[in-house]
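Here the structure is laid out as structure tokens; the discussion comes afterwards.
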Amino acid sequence: MAVEEACWQCRSLIIVVKINSKLQTPMYFFLINLSIIDICFSSTIVPKILINIISENRSISLLGCVLHMYFHLALGATECIILSIMAYDRFVAICNPLRYTNIMSKLLCFSLAAGSWSICFMNSAIHVVLTFHLPYCRSHHVNHFFCEMPPFFKLSCKDTWLNELAMCHDLTTIIASCSFVLTLISYVHIISTILKIRSSQWRQKAFSTCASHLTVVSLYYGTIMFMYLRPRSMHSPETDKTVSILYTTVTPILNPIIYSMRNKDVKSTIRIKLIGQ
């Protein structure tokens with residue numbers, strides 16, 4: 001039910017953006033990309049997690065495990081970049097409103113989106129190949145809800161210190177770090193600009209355009225940083241499993257709700273076009 005609900009919410013949000021011309025802006029173009037990521041997460045990762053929670057048979061084929069790890073890494077990295085691009089979009093809209101149309105052109109938006117998906121999926125393929133080339137001799141039991149790199153490192157009979165170091169200093173980390181820094185810098189400028197606005201009404205309106213995105217960013221980066229930036233001594237299987245549930249299951253469900261509930265145009269379009277009122 002949770003998977004179907006998440007997919008329905010994301011599809012509804014995509015339909016709303018498509019049928020309302022007011023929402024066909026760069027921000028909502030990237031929101032569609034975010035919704036597609038959430039649909040993919042809900043369709044490829046979450047079903048197996050739910051099966052492992054409620055079923056006695058928790059086995060998975062090698063191919064299924066490879067695909068889990070591949071899509072999890074690729075979609076997670078892509079979401080990082082898309083969220084940072086959305087932060088930059090809000091920065092341009094609030095700090096350079098007169099140049100917004102020229103800067104956030106259709107060509108730039110399509111290029112940023114295509115580049116994000118391409119780079120992250122290629123990078124994910126490299127990680128998966130390196131991970132599954134490790135020698136595994138301890139056990140075939142993965143103490144996790146789905147196939148993710150950290151639990152696999154514990155099963156290898158080879159010292160995985162270099163693999164863990166590479167995971168913390170490779171392209172994935174660079175993508176996540178740069179995306180986070182870009183998001184942070186964008187919001188520093190956004191908040192600085194908003195605080196200079198004299199009208200409290202316009203200040204509130206400016207803040208409201210960023211509130212949804214800021215909420216999603218906080219949820220996503222909070223769990224990701226807790227999962228991957230902790231020292232090895234602080235890792236525990238149960239904690240890792242709990243955190244993984246948050247950013248693979250809860251976040252994709254909450255994202256469309258957060259964006260829909262805080263946007264009057266989205267809510268009115270849903271009411272008029274989809275419900276018929």
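Simple scheme: letters A, B, ... for chains in structure tokens order, numbers from 1 for residues in each chain, numbers from 1 for ligands in the order shown.
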Stretch 15-62 of chain A near stretch 82-85 of chain A within 8 Å: what's each residue's closest atom pair and its distance in Å to one decimal, counting only C-alpha atoms, ordered by chain then ascending residue number, as CSV?
residue,atom,partner,partner_atom,distance
A:Phe30,CA,A:Ile82,CA,6.6
A:Asn33,CA,A:Ile82,CA,7.5
A:Leu34,CA,A:Ile82,CA,6.8
Write out, as an mmCIF file, in the first residue's frame, the residues just selected, with N, CA, C and O atoms.
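Produced file selection_10.cif, reproduced below:
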data_model
loop_
_atom_site.group_PDB
_atom_site.id
_atom_site.type_symbol
_atom_site.label_atom_id
_atom_site.label_comp_id
_atom_site.auth_asym_id
_atom_site.auth_seq_id
_atom_site.Cartn_x
_atom_site.Cartn_y
_atom_site.Cartn_z
ATOM 1 N N PHE A 30 12.174 20.386 -12.672
ATOM 2 C CA PHE A 30 13.045 19.595 -11.811
ATOM 3 C C PHE A 30 12.248 18.822 -10.762
ATOM 4 O O PHE A 30 12.675 17.752 -10.321
ATOM 5 N N ASN A 33 11.415 15.637 -12.321
ATOM 6 C CA ASN A 33 12.562 14.735 -12.228
ATOM 7 C C ASN A 33 12.636 14.089 -10.845
ATOM 8 O O ASN A 33 12.906 12.882 -10.716
ATOM 9 N N LEU A 34 12.398 14.892 -9.808
ATOM 10 C CA LEU A 34 12.410 14.366 -8.445
ATOM 11 C C LEU A 34 11.298 13.334 -8.249
ATOM 12 O O LEU A 34 11.495 12.311 -7.586
#
Find the residues near stretch 115-128 of chain A: any atom within 6 Å, counting only C-alpha atoms, skip ones fewer than 5 places away on the same chain, and give them as an mmCIF file with N, CA and C atoms, in the first residue's frame.
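Contents of part15.cif, as written:
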data_model
loop_
_atom_site.group_PDB
_atom_site.id
_atom_site.type_symbol
_atom_site.label_atom_id
_atom_site.label_comp_id
_atom_site.auth_asym_id
_atom_site.auth_seq_id
_atom_site.Cartn_x
_atom_site.Cartn_y
_atom_site.Cartn_z
ATOM 1 N N TYR A 70 22.673 -1.071 -7.815
ATOM 2 C CA TYR A 70 22.881 -0.138 -8.925
ATOM 3 C C TYR A 70 21.874 1.000 -8.893
ATOM 4 N N LEU A 73 22.202 3.377 -5.673
ATOM 5 C CA LEU A 73 23.290 4.348 -5.760
ATOM 6 C C LEU A 73 22.996 5.423 -6.800
ATOM 7 N N ALA A 74 22.510 4.984 -7.971
ATOM 8 C CA ALA A 74 22.270 5.924 -9.071
ATOM 9 C C ALA A 74 21.164 6.914 -8.722
ATOM 10 N N ALA A 77 22.244 9.415 -5.836
ATOM 11 C CA ALA A 77 23.142 10.476 -6.296
ATOM 12 C C ALA A 77 22.411 11.472 -7.182
ATOM 13 N N THR A 78 21.525 10.962 -8.046
ATOM 14 C CA THR A 78 20.760 11.854 -8.923
ATOM 15 C C THR A 78 19.874 12.789 -8.109
#
Quick one: pull the distance between atom CA of A:Lys205 and atom CA of A:Tyr220, Å, one decimal. 24.2 Å
Backbone DSSP call of helix (DSSP H, G or I) for stretch 77-148 of chain A, listed as a PyMOL selection string: chain A and resi 77-95+97-103+106-132
At a cut-off of 9 Å, using only C-alpha atoms, what residues contact A:Met104? Leave out same-chain residues fewer than 6 positions from it and give the result as a PyMOL selection string. chain A and resi 26+89+92
Could you make a table, as JSON lines, of the residues of stretch 82-165 of chain A that have an atom within 12 Å of an atom of stretch 241-255 of chain A, each with its nearest atom pair and distance in Å to one decimal, counting only C-alpha atoms, in chain and number order?
{"residue": "A:Leu83", "atom": "CA", "partner": "A:Asn255", "partner_atom": "CA", "distance": 11.4}
{"residue": "A:Val142", "atom": "CA", "partner": "A:Lys241", "partner_atom": "CA", "distance": 11.1}
{"residue": "A:Asn143", "atom": "CA", "partner": "A:Lys241", "partner_atom": "CA", "distance": 8.4}
{"residue": "A:His144", "atom": "CA", "partner": "A:Lys241", "partner_atom": "CA", "distance": 5.8}
{"residue": "A:Phe145", "atom": "CA", "partner": "A:Lys241", "partner_atom": "CA", "distance": 6.4}
{"residue": "A:Phe146", "atom": "CA", "partner": "A:Lys241", "partner_atom": "CA", "distance": 8.8}
{"residue": "A:Cys147", "atom": "CA", "partner": "A:Ser244", "partner_atom": "CA", "distance": 10.7}
{"residue": "A:Glu148", "atom": "CA", "partner": "A:Ser244", "partner_atom": "CA", "distance": 9.2}
{"residue": "A:Met149", "atom": "CA", "partner": "A:Ser244", "partner_atom": "CA", "distance": 11.8}
{"residue": "A:Pro150", "atom": "CA", "partner": "A:Lys241", "partner_atom": "CA", "distance": 10.9}
{"residue": "A:Pro151", "atom": "CA", "partner": "A:Lys241", "partner_atom": "CA", "distance": 9.8}
Which one is closest to A:Ile185: A:Ala87, A:Ile19, A:Ile45, A:Ile81? Count only C-alpha atoms.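 The closest residue to A:Ile185 is A:Ala87.
Restricting the calculation to only C-alpha atoms, the smallest distance between A:Thr25 and any of A:Lys154, A:His213, A:Arg90, A:His68 is found for A:Arg90.
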Report, in Å with one decimal, the straight-line distance from atom CA of A:Ser199 to atom CA of A:Met27.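 Spanning atom CA of A:Ser199 to atom CA of A:Met27 is a straight-line distance of 24.4 Å.
Among the candidate residues A:Leu134, A:Val217, A:Ile51, A:Leu13, the one lying nearest to A:Ser179 is A:Val217, with distances computed using only C-alpha atoms.
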Interatomic distance, atom CA of A:Ile175 to atom CA of A:Phe29 (Å, one decimal): 20.8 Å
